[in-house]
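Participant: Provided herewith: protein.cif, mmCIF, C-alpha atoms.
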data_run
loop_
_atom_site.label_atom_id
_atom_site.label_comp_id
_atom_site.auth_asym_id
_atom_site.auth_seq_id
_atom_site.Cartn_x
_atom_site.Cartn_y
_atom_site.Cartn_z
CA MET A 1 -19.72 -28.87 25.73
CA PRO A 2 -20.08 -25.07 25.51
CA LYS A 3 -22.79 -23.62 27.70
CA ARG A 4 -23.87 -21.03 25.17
CA LYS A 5 -27.52 -21.25 24.11
CA LEU A 6 -29.42 -19.57 21.35
CA SER A 7 -31.18 -16.39 22.43
CA ARG A 8 -34.93 -16.54 22.23
CA ARG A 9 -34.96 -12.77 21.89
CA ASP A 10 -33.35 -13.09 18.48
CA MET A 11 -36.57 -13.93 16.67
CA LEU A 12 -38.28 -13.30 13.37
CA GLN A 13 -40.25 -10.12 13.97
CA GLY A 14 -43.98 -10.35 13.46
CA ALA A 15 -43.74 -14.07 12.72
CA LEU A 16 -46.44 -15.45 14.93
CA LYS A 17 -49.68 -14.03 16.27
CA ALA A 18 -52.58 -15.89 17.74
CA SER A 19 -56.35 -16.04 17.77
CA THR A 20 -58.97 -18.49 18.89
CA ALA A 21 -60.51 -18.83 15.43
CA LEU A 22 -62.86 -21.79 15.32
CA ALA A 23 -61.94 -22.45 18.97
CA LEU A 24 -58.48 -23.71 17.95
CA GLY A 25 -56.55 -20.83 19.40
CA THR A 26 -53.33 -20.60 17.39
CA VAL A 27 -52.33 -18.74 14.25
CA PHE A 28 -49.02 -19.17 12.45
CA ALA A 29 -48.56 -15.95 10.47
CA SER A 30 -45.21 -15.30 8.83
CA SER A 31 -44.20 -11.71 8.18
CA VAL A 32 -42.04 -12.86 5.28
CA ARG A 33 -44.32 -14.67 2.87
CA ALA A 34 -42.62 -17.15 0.57
CA ALA A 35 -43.99 -20.01 -1.44
CA ALA A 36 -43.78 -23.28 0.45
CA PRO A 37 -42.39 -26.26 -1.50
CA PRO A 38 -44.89 -28.62 -3.14
CA ALA A 39 -46.49 -31.08 -0.74
CA GLU A 40 -44.95 -34.53 -0.64
CA ALA A 41 -46.74 -37.82 -0.07
CA ILE A 42 -45.43 -40.96 1.60
CA SER A 43 -44.08 -42.82 -1.43
CA PRO A 44 -42.21 -46.12 -2.00
CA PRO A 45 -38.98 -44.29 -2.97
CA LEU A 46 -39.12 -42.24 0.24
CA ILE A 47 -39.74 -45.35 2.32
CA GLU A 48 -36.83 -47.19 0.72
CA ALA A 49 -34.47 -44.26 1.21
CA ALA A 50 -35.56 -43.98 4.83
CA LYS A 51 -35.04 -47.70 5.44
CA LYS A 52 -31.45 -47.41 4.21
CA GLU A 53 -30.83 -44.83 6.93
CA GLY A 54 -32.49 -47.11 9.46
CA LYS A 55 -33.48 -44.65 12.15
CA VAL A 56 -34.77 -41.16 12.94
CA VAL A 57 -33.92 -39.03 16.00
CA TRP A 58 -36.82 -37.09 17.50
CA TYR A 59 -36.33 -34.48 20.19
CA THR A 60 -39.68 -33.84 21.83
CA ALA A 61 -41.36 -32.36 24.87
CA ILE A 62 -44.35 -34.74 24.75
CA ASP A 63 -44.75 -37.09 27.68
CA LEU A 64 -42.42 -40.05 27.13
CA SER A 65 -45.17 -42.69 27.07
CA VAL A 66 -46.99 -40.78 24.32
CA ALA A 67 -43.82 -40.24 22.29
CA GLU A 68 -43.03 -43.93 22.51
CA LYS A 69 -46.49 -44.85 21.22
CA ILE A 70 -45.92 -42.66 18.15
CA ALA A 71 -42.44 -44.15 17.72
CA GLY A 72 -43.76 -47.70 18.09
CA ALA A 73 -46.51 -47.18 15.53
CA PHE A 74 -44.01 -45.72 13.07
CA LYS A 75 -41.61 -48.64 13.51
CA GLU A 76 -44.41 -51.17 13.10
CA LYS A 77 -45.55 -49.51 9.89
CA PHE A 78 -42.16 -48.84 8.27
CA GLY A 79 -39.63 -50.97 10.16
CA ILE A 80 -37.58 -47.90 11.10
CA GLU A 81 -36.41 -47.11 14.63
CA VAL A 82 -37.30 -43.80 16.27
CA ARG A 83 -34.84 -42.68 18.91
CA VAL A 84 -36.94 -40.57 21.25
CA GLU A 85 -35.10 -37.89 23.20
CA ARG A 86 -37.70 -36.53 25.59
CA THR A 87 -37.29 -33.61 27.98
CA GLY A 88 -38.98 -30.28 28.76
CA ALA A 89 -39.38 -27.85 25.87
CA GLU A 90 -36.91 -25.33 27.30
CA ARG A 91 -34.34 -28.10 27.69
CA VAL A 92 -34.94 -29.27 24.12
CA PHE A 93 -34.33 -25.73 22.92
CA GLN A 94 -31.16 -25.34 24.99
CA ARG A 95 -29.81 -28.73 23.95
CA ILE A 96 -30.19 -28.08 20.24
CA GLY A 97 -28.61 -24.64 20.68
CA GLN A 98 -25.63 -26.12 22.50
CA GLU A 99 -25.23 -28.92 19.97
CA TYR A 100 -25.32 -26.61 16.98
CA ALA A 101 -22.90 -24.22 18.68
CA SER A 102 -20.50 -27.18 18.84
CA ASN A 103 -21.26 -28.23 15.25
CA VAL A 104 -23.06 -31.35 16.49
CA HIS A 105 -26.02 -32.32 14.28
CA ALA A 106 -27.79 -35.14 16.09
CA VAL A 107 -31.47 -34.18 15.81
CA ASP A 108 -33.59 -35.04 12.77
CA VAL A 109 -37.03 -33.78 13.84
CA ALA A 110 -37.95 -31.63 16.84
CA ASN A 111 -41.23 -30.98 18.55
CA SER A 112 -41.70 -28.24 21.14
CA SER A 113 -44.60 -27.08 23.27
CA ASP A 114 -43.26 -23.54 22.75
CA ALA A 115 -44.02 -22.49 19.17
CA ALA A 116 -41.52 -19.63 19.38
CA HIS A 117 -38.70 -22.18 19.34
CA LEU A 118 -39.60 -23.14 15.79
CA LEU A 119 -39.52 -19.50 14.77
CA THR A 120 -36.03 -19.11 16.18
CA TRP A 121 -34.78 -22.19 14.34
CA LYS A 122 -36.44 -21.00 11.14
CA ARG A 123 -34.94 -17.54 11.32
CA GLN A 124 -31.51 -19.02 11.87
CA GLY A 125 -31.93 -21.13 8.74
CA MET A 126 -31.91 -24.43 10.64
CA LEU A 127 -35.24 -25.84 9.44
CA LEU A 128 -35.91 -27.63 6.17
CA PRO A 129 -38.95 -26.49 4.17
CA TYR A 130 -41.01 -29.66 3.80
CA VAL A 131 -44.78 -29.96 3.52
CA PRO A 132 -46.42 -33.32 4.26
CA GLU A 133 -49.39 -34.14 2.06
CA ASP A 134 -51.86 -34.13 4.97
CA VAL A 135 -50.67 -30.71 6.13
CA ALA A 136 -51.35 -29.27 2.69
CA LYS A 137 -54.77 -30.91 2.42
CA HIS A 138 -56.21 -30.88 5.93
CA TYR A 139 -54.54 -28.17 8.02
CA ARG A 140 -55.78 -24.64 8.05
CA PRO A 141 -53.23 -22.06 6.85
CA GLU A 142 -53.03 -20.52 10.31
CA HIS A 143 -51.85 -23.85 11.72
CA ARG A 144 -48.85 -24.27 9.43
CA ASP A 145 -45.91 -22.11 8.46
CA ALA A 146 -46.41 -20.28 5.15
CA ASP A 147 -42.86 -21.25 4.16
CA GLY A 148 -43.40 -24.91 4.98
CA THR A 149 -40.83 -25.27 7.75
CA TYR A 150 -43.17 -26.47 10.50
CA ALA A 151 -46.79 -27.21 11.37
CA GLY A 152 -48.86 -27.76 14.50
CA PHE A 153 -48.31 -31.42 15.30
CA ARG A 154 -50.34 -31.35 18.51
CA ALA A 155 -52.12 -29.01 20.87
CA THR A 156 -53.03 -29.15 24.52
CA LEU A 157 -54.56 -27.07 27.27
CA SER A 158 -53.16 -26.21 30.69
CA PRO A 159 -56.23 -26.44 32.94
CA MET A 160 -56.62 -26.75 36.66
CA ALA A 161 -57.59 -30.13 38.13
CA TYR A 162 -58.38 -31.84 41.43
CA ASN A 163 -58.14 -35.22 43.13
CA THR A 164 -61.69 -36.54 43.41
CA LYS A 165 -60.89 -38.56 46.55
CA LEU A 166 -59.57 -35.54 48.36
CA VAL A 167 -61.94 -32.86 47.07
CA LYS A 168 -65.68 -33.05 46.43
CA ALA A 169 -66.85 -31.73 43.07
CA GLU A 170 -68.96 -29.04 44.70
CA ASP A 171 -65.96 -27.86 46.73
CA ALA A 172 -63.46 -27.78 43.87
CA PRO A 173 -62.17 -24.36 42.74
CA ALA A 174 -63.93 -22.99 39.67
CA SER A 175 -61.47 -20.24 38.81
CA PHE A 176 -57.75 -19.53 39.10
CA LYS A 177 -58.47 -16.89 41.71
CA ASP A 178 -60.27 -19.50 43.82
CA LEU A 179 -56.83 -21.04 44.42
CA LEU A 180 -56.00 -18.07 46.62
CA ASP A 181 -58.53 -19.19 49.25
CA PRO A 182 -56.64 -20.07 52.47
CA LYS A 183 -58.23 -23.54 52.47
CA TRP A 184 -55.93 -24.54 49.59
CA LYS A 185 -52.72 -23.58 51.36
CA GLY A 186 -50.26 -26.47 51.18
CA LYS A 187 -52.55 -28.41 48.83
CA ILE A 188 -51.55 -27.08 45.38
CA VAL A 189 -49.01 -28.37 42.85
CA LYS A 190 -47.77 -26.53 39.75
CA ALA A 191 -45.03 -26.72 37.12
CA HIS A 192 -42.20 -24.31 36.24
CA PRO A 193 -41.99 -21.99 33.18
CA GLY A 194 -38.21 -22.21 33.22
CA TYR A 195 -38.41 -25.92 32.38
CA SER A 196 -41.66 -26.39 30.49
CA GLY A 197 -42.66 -24.64 27.28
CA THR A 198 -46.29 -25.43 28.04
CA ILE A 199 -46.06 -23.65 31.37
CA LEU A 200 -44.11 -20.75 29.89
CA THR A 201 -46.91 -20.21 27.37
CA ALA A 202 -49.57 -20.68 30.05
CA THR A 203 -47.83 -18.24 32.39
CA PHE A 204 -47.60 -15.63 29.65
CA GLU A 205 -51.33 -15.98 28.90
CA MET A 206 -52.20 -15.89 32.60
CA VAL A 207 -50.09 -12.80 33.30
CA ARG A 208 -51.60 -11.04 30.31
CA ASP A 209 -55.19 -11.89 31.26
CA ILE A 210 -55.05 -12.00 35.07
CA GLY A 211 -51.85 -10.22 36.12
CA TRP A 212 -48.74 -10.88 38.19
CA GLU A 213 -50.65 -10.14 41.39
CA PHE A 214 -52.28 -13.56 41.06
CA TYR A 215 -48.88 -15.29 41.13
CA GLU A 216 -47.64 -13.10 43.98
CA GLN A 217 -50.62 -14.25 46.06
CA LEU A 218 -50.37 -17.86 44.87
CA ALA A 219 -46.75 -18.04 46.04
CA LYS A 220 -48.03 -17.56 49.61
CA GLN A 221 -50.00 -20.80 49.37
CA ASN A 222 -47.02 -23.12 50.03
CA ILE A 223 -47.03 -24.49 46.48
CA MET A 224 -45.41 -27.81 45.61
CA GLN A 225 -43.19 -26.73 42.71
CA VAL A 226 -42.29 -29.35 40.08
CA GLN A 227 -40.56 -29.03 36.70
CA SER A 228 -42.42 -30.56 33.76
CA ALA A 229 -46.02 -29.76 32.84
CA THR A 230 -46.59 -33.52 32.94
CA ASP A 231 -45.67 -33.73 36.65
CA PRO A 232 -48.63 -31.98 38.37
CA PRO A 233 -51.24 -34.48 37.10
CA LYS A 234 -49.10 -37.34 38.39
CA LYS A 235 -48.65 -35.73 41.82
CA LEU A 236 -52.40 -35.16 41.89
CA ALA A 237 -53.18 -38.80 41.09
CA LEU A 238 -50.82 -39.95 43.84
CA GLY A 239 -52.66 -37.76 46.33
CA GLU A 240 -49.56 -35.73 47.14
CA ARG A 241 -51.61 -32.61 46.49
CA SER A 242 -55.36 -31.99 46.22
CA VAL A 243 -55.40 -29.39 43.45
CA MET A 244 -53.34 -28.66 40.32
CA ALA A 245 -52.81 -25.02 39.35
CA ASP A 246 -51.40 -25.85 35.91
CA GLY A 247 -50.18 -28.85 33.93
CA THR A 248 -51.21 -30.89 30.92
CA GLU A 249 -54.79 -31.64 30.05
CA TYR A 250 -53.74 -34.79 28.23
CA ASN A 251 -52.24 -36.36 31.35
CA ILE A 252 -55.45 -35.66 33.24
CA PHE A 253 -57.41 -37.42 30.48
CA LEU A 254 -55.10 -40.44 30.44
CA LEU A 255 -54.97 -40.80 34.20
CA ARG A 256 -58.73 -40.45 34.57
CA GLU A 257 -59.35 -43.02 31.84
CA ALA A 258 -56.96 -45.39 33.61
CA GLY A 259 -59.11 -45.15 36.73
CA GLN A 260 -57.13 -42.54 38.64
CA PRO A 261 -59.09 -40.05 40.80
CA VAL A 262 -58.44 -36.87 38.82
CA GLU A 263 -60.76 -34.42 37.07
CA ALA A 264 -59.98 -31.37 34.94
CA ILE A 265 -61.25 -27.89 35.78
CA TYR A 266 -61.66 -25.33 32.99
CA PRO A 267 -61.42 -22.02 34.85
CA THR A 268 -63.97 -19.28 34.36
CA GLU A 269 -61.20 -16.85 33.32
CA GLY A 270 -60.32 -19.13 30.38
CA THR A 271 -57.87 -21.99 29.92
CA PRO A 272 -54.36 -21.52 28.46
CA PHE A 273 -54.05 -23.12 25.01
CA VAL A 274 -50.72 -24.37 23.66
CA VAL A 275 -49.75 -25.64 20.19
CA GLY A 276 -46.63 -27.79 19.70
CA PRO A 277 -45.19 -27.71 16.16
CA ASN A 278 -42.89 -30.27 14.48
CA GLY A 279 -40.02 -29.31 12.17
CA ILE A 280 -37.20 -31.04 10.26
CA PHE A 281 -33.62 -29.79 10.54
CA LYS A 282 -31.65 -29.09 7.37
CA ALA A 283 -28.60 -30.80 8.84
CA ALA A 284 -30.58 -33.88 9.88
CA PRO A 285 -28.27 -36.92 9.90
CA ASN A 286 -31.12 -39.09 8.58
CA PRO A 287 -32.84 -36.75 6.09
CA ASN A 288 -35.08 -39.26 4.36
CA ALA A 289 -36.17 -40.94 7.58
CA ALA A 290 -36.85 -37.43 8.93
CA LYS A 291 -39.11 -36.63 5.97
CA LEU A 292 -40.94 -39.94 6.31
CA PHE A 293 -41.42 -39.45 10.06
CA GLN A 294 -42.58 -35.83 9.64
CA ASN A 295 -45.04 -36.95 6.99
CA TYR A 296 -46.32 -39.80 9.16
CA CYS A 297 -46.80 -37.52 12.18
CA PHE A 298 -49.50 -35.55 10.34
CA THR A 299 -51.45 -38.52 8.94
CA PRO A 300 -54.90 -39.36 10.36
CA GLU A 301 -53.39 -42.55 11.81
CA ALA A 302 -50.74 -40.74 13.82
CA GLN A 303 -53.03 -37.87 14.76
CA GLN A 304 -55.63 -40.30 16.07
CA ILE A 305 -52.89 -41.78 18.27
CA VAL A 306 -52.14 -38.26 19.45
CA ILE A 307 -55.79 -37.92 20.47
CA ASP A 308 -56.76 -41.39 21.66
CA ALA A 309 -53.54 -42.59 23.27
CA GLY A 310 -51.99 -39.21 23.96
CA GLY A 311 -55.03 -37.32 25.21
CA LEU A 312 -53.92 -34.36 23.08
CA ARG A 313 -55.85 -32.14 20.69
CA SER A 314 -55.30 -32.41 16.92
CA LEU A 315 -55.46 -29.66 14.29
CA HIS A 316 -56.12 -32.19 11.49
CA ALA A 317 -59.55 -31.51 9.99
CA GLN A 318 -60.45 -35.19 9.55
CA VAL A 319 -59.71 -36.71 12.95
CA LYS A 320 -62.35 -37.04 15.63
CA GLU A 321 -62.28 -36.06 19.27
CA HIS A 322 -62.23 -38.86 21.81
CA PRO A 323 -65.61 -39.78 23.34
CA GLY A 324 -66.04 -38.72 26.95
CA ARG A 325 -63.66 -35.78 26.75
CA LYS A 326 -64.91 -32.22 26.83
CA PRO A 327 -65.04 -30.90 23.22
CA LEU A 328 -62.64 -28.10 22.51
CA ALA A 329 -65.47 -25.97 21.12
CA ASP A 330 -67.13 -26.02 24.56
CA ILE A 331 -64.11 -24.59 26.40
CA LYS A 332 -63.32 -20.93 26.89
CA LEU A 333 -59.73 -20.60 25.69
CA MET A 334 -57.12 -18.00 26.43
CA LYS A 335 -55.58 -16.66 23.23
CA GLU A 336 -52.12 -17.89 22.40
CA ASP A 337 -49.61 -15.29 21.21
CA ALA A 338 -46.24 -16.97 20.67
CA GLU A 339 -44.58 -13.76 19.53
CA GLY A 340 -45.68 -11.98 22.69
CA ALA A 341 -44.60 -14.92 24.85
CA GLU A 342 -41.19 -14.93 23.16
CA GLN A 343 -40.66 -11.25 23.75
CA GLN A 344 -41.44 -11.62 27.46
CA SER A 345 -40.07 -15.11 28.09
CA GLU A 346 -36.87 -14.18 29.89
CA ALA A 347 -38.65 -11.57 32.00
CA ILE A 348 -41.38 -14.07 32.86
CA LYS A 349 -38.89 -16.72 33.98
CA ALA A 350 -36.88 -14.21 36.03
CA ARG A 351 -39.90 -12.73 37.78
CA TYR A 352 -41.43 -16.16 38.40
CA GLN A 353 -38.19 -17.36 39.97
CA LYS A 354 -38.08 -14.30 42.18
CA ILE A 355 -41.70 -14.69 43.30
CA PHE A 356 -41.60 -18.43 43.99
CA ARG A 357 -37.90 -18.54 44.94
CA VAL A 358 -37.31 -21.57 42.72
#
Kindly present the structure from the file in structure tokens form.
Facilitator:
Amino acid sequence: MPKRKLSRRDMLQGALKASTALALGTVFASSVRAAAPPAEAISPPLIEAAKKEGKVVWYTAIDLSVAEKIAGAFKEKFGIEVRVERTGAERVFQRIGQEYASNVHAVDVANSSDAAHLLTWKRQGMLLPYVPEDVAKHYRPEHRDADGTYAGFRATLSPMAYNTKLVKAEDAPASFKDLLDPKWKGKIVKAHPGYSGTILTATFEMVRDIGWEFYEQLAKQNIMQVQSATDPPKKLALGERSVMADGTEYNIFLLREAGQPVEAIYPTEGTPFVVGPNGIFKAAPNPNAAKLFQNYCFTPEAQQIVIDAGGLRSLHAQVKEHPGRKPLADIKLMKEDAEGAEQQSEAIKARYQKIFRV
């Protein structure tokens, strides 16, 4: 298969800026305003057409166990298989680019933790304008594309965390800069922005707000470097490291609620905030199943799974946060800026690799 991948520099200019309006952190703002198609509901004709296709293929960067819960609930409700293809967001992006370069159209719906990926696919004419009923009714305009090609399926934070058996609460770091204390040398785990869209976004926000000097000093702390944003919480729970410098909030929630000795830390500088949109591809091999799945993903039922089972944050106005988890409104968030992250992504990955030698 050809190695060529789509350039993330080739993006729709001015397509996405961010804010922390109402503590949600992300704004989808298209520079080319066009009327989105009318919203579509889940209807008997759509269900029947989807059943004839029999399956839907979903490329996603969500943790596999969470993706499979969504897939299982969809199959139970509609009797249609979801083939989950899970990997890091950067790998999802590269795979779709390589497939389309070879005229292979395998993906129906894609979800990425890097919102800029959706902008690239949209600009290249790869996404199908399709607006689920719940998106039209219950999602703020800044959380959905004005042209209807994608919407924020899920959101997460990239906090710090610690192992409660290895670190006392009063001794845990309270800020990112606390990680530079010599006492944490050889005790920190973190993920890689060249693999994970979540970590790419988090690194961009950190560099913007704190500076590269932080990473240059952190690299001297004998970091355990892993790939996916879902890996640091797991290493933490296993006791392989005492502290997590970045990773997924939702894995910390799920591990803690399963009795594992982990606790999130929301740094005083602010916590990186990341939105992961869903979009349908125009060349989807199962177009009706894709529409049904996209529609289902934004229903209160699916979004509550995202929250309760997935530990993620939802942008749906009618779903409720999970009891016992810190409310989003109580957390100081770093501002997401997907356009800015896209413009600096290659430079970020190159400099990170040079600093950490990985």
Participant: Which residue is closest to Ala219 of chain A? Choose from A:Ala155, A:Val274, A:Ile265, A:Val358 and count all atoms listed in the file.
Facilitator: A:Val358
Participant: When the PyMOL selection byres ((chain A and resi 45-60) around 9) is applied to the structure above, which residues does it catch, written out as a JSON list (two decimals) with C-alpha atoms, in the coordinates of the input?
Facilitator:
[["chain", "number", "residue", "atom", "x", "y", "z"],
["A", 41, "ALA", "CA", -46.74, -37.82, -0.07],
["A", 42, "ILE", "CA", -45.43, -40.96, 1.60],
["A", 43, "SER", "CA", -44.08, -42.82, -1.43],
["A", 44, "PRO", "CA", -42.21, -46.12, -2.00],
["A", 61, "ALA", "CA", -41.36, -32.36, 24.87],
["A", 62, "ILE", "CA", -44.35, -34.74, 24.75],
["A", 63, "ASP", "CA", -44.75, -37.09, 27.68],
["A", 64, "LEU", "CA", -42.42, -40.05, 27.13],
["A", 67, "ALA", "CA", -43.82, -40.24, 22.29],
["A", 78, "PHE", "CA", -42.16, -48.84, 8.27],
["A", 79, "GLY", "CA", -39.63, -50.97, 10.16],
["A", 80, "ILE", "CA", -37.58, -47.90, 11.10],
["A", 81, "GLU", "CA", -36.41, -47.11, 14.63],
["A", 82, "VAL", "CA", -37.30, -43.80, 16.27],
["A", 83, "ARG", "CA", -34.84, -42.68, 18.91],
["A", 84, "VAL", "CA", -36.94, -40.57, 21.25],
["A", 85, "GLU", "CA", -35.10, -37.89, 23.20],
["A", 86, "ARG", "CA", -37.70, -36.53, 25.59],
["A", 87, "THR", "CA", -37.29, -33.61, 27.98],
["A", 88, "GLY", "CA", -38.98, -30.28, 28.76],
["A", 89, "ALA", "CA", -39.38, -27.85, 25.87],
["A", 92, "VAL", "CA", -34.94, -29.27, 24.12],
["A", 96, "ILE", "CA", -30.19, -28.08, 20.24],
["A", 106, "ALA", "CA", -27.79, -35.14, 16.09],
["A", 107, "VAL", "CA", -31.47, -34.18, 15.81],
["A", 108, "ASP", "CA", -33.59, -35.04, 12.77],
["A", 109, "VAL", "CA", -37.03, -33.78, 13.84],
["A", 110, "ALA", "CA", -37.95, -31.63, 16.84],
["A", 111, "ASN", "CA", -41.23, -30.98, 18.55],
["A", 112, "SER", "CA", -41.70, -28.24, 21.14],
["A", 113, "SER", "CA", -44.60, -27.08, 23.27],
["A", 278, "ASN", "CA", -42.89, -30.27, 14.48],
["A", 284, "ALA", "CA", -30.58, -33.88, 9.88],
["A", 285, "PRO", "CA", -28.27, -36.92, 9.90],
["A", 286, "ASN", "CA", -31.12, -39.09, 8.58],
["A", 287, "PRO", "CA", -32.84, -36.75, 6.09],
["A", 288, "ASN", "CA", -35.08, -39.26, 4.36],
["A", 289, "ALA", "CA", -36.17, -40.94, 7.58],
["A", 290, "ALA", "CA", -36.85, -37.43, 8.93],
["A", 291, "LYS", "CA", -39.11, -36.63, 5.97],
["A", 292, "LEU", "CA", -40.94, -39.94, 6.31],
["A", 293, "PHE", "CA", -41.42, -39.45, 10.06]]
Participant: Find the spatial neighbours of Lys183 of chain A, counting only C-alpha atoms, within a cut-off of 12 Å - ignore same-chain residues fewer than 2 positions away - and output them as a ChimeraX atom specification.
Facilitator: /A:167,171-173,178-181,185-188,221-222,242-243
Participant: Which residues of segment 79-175 of chain A sit at most 12 Å from segment 302-315 of chain A, using only C-alpha atoms? Give each one's shortest atom pair and distance in Å (one decimal place), in chain and ascending residue order, as CSV.
Facilitator:
residue,atom,partner,partner_atom,distance
A:Ser113,CA,A:Leu312,CA,11.8
A:Asp134,CA,A:Gln303,CA,10.5
A:Val135,CA,A:Leu315,CA,9.5
A:Lys137,CA,A:Leu315,CA,12.0
A:His138,CA,A:Leu315,CA,8.5
A:Tyr139,CA,A:Leu315,CA,6.5
A:Arg140,CA,A:Leu315,CA,8.0
A:Pro141,CA,A:Leu315,CA,10.9
A:Glu142,CA,A:Leu315,CA,10.3
A:His143,CA,A:Leu315,CA,7.3
A:Arg144,CA,A:Leu315,CA,9.8
A:Ala151,CA,A:Leu315,CA,9.5
A:Gly152,CA,A:Leu315,CA,6.9
A:Phe153,CA,A:Ser314,CA,7.2
A:Arg154,CA,A:Ser314,CA,5.3
A:Ala155,CA,A:Arg313,CA,4.9
A:Thr156,CA,A:Leu312,CA,5.5
A:Leu157,CA,A:Arg313,CA,8.4
A:Ser158,CA,A:Leu312,CA,11.2
Participant: What does the distance between atom CA of Pro261 of chain A and atom CA of Ala71 of chain A come to in Å, to one decimal place?
Facilitator: 28.8 Å
Participant: What gap, in Å, lies between atom CA of Pro277 of chain A and atom CA of Ser196 of chain A?
Facilitator: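 Taking atom CA of Pro277 of chain A as the start and atom CA of Ser196 of chain A as the end point, the length is 14.8 Å.
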Participant: Counting only C-alpha atoms, which of A:Phe176, A:Trp121, A:Phe281, A:Phe273 gets nearest to Tyr215 of chain A?
Facilitator: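 So, comparing all the options, the nearest one is A:Phe176.
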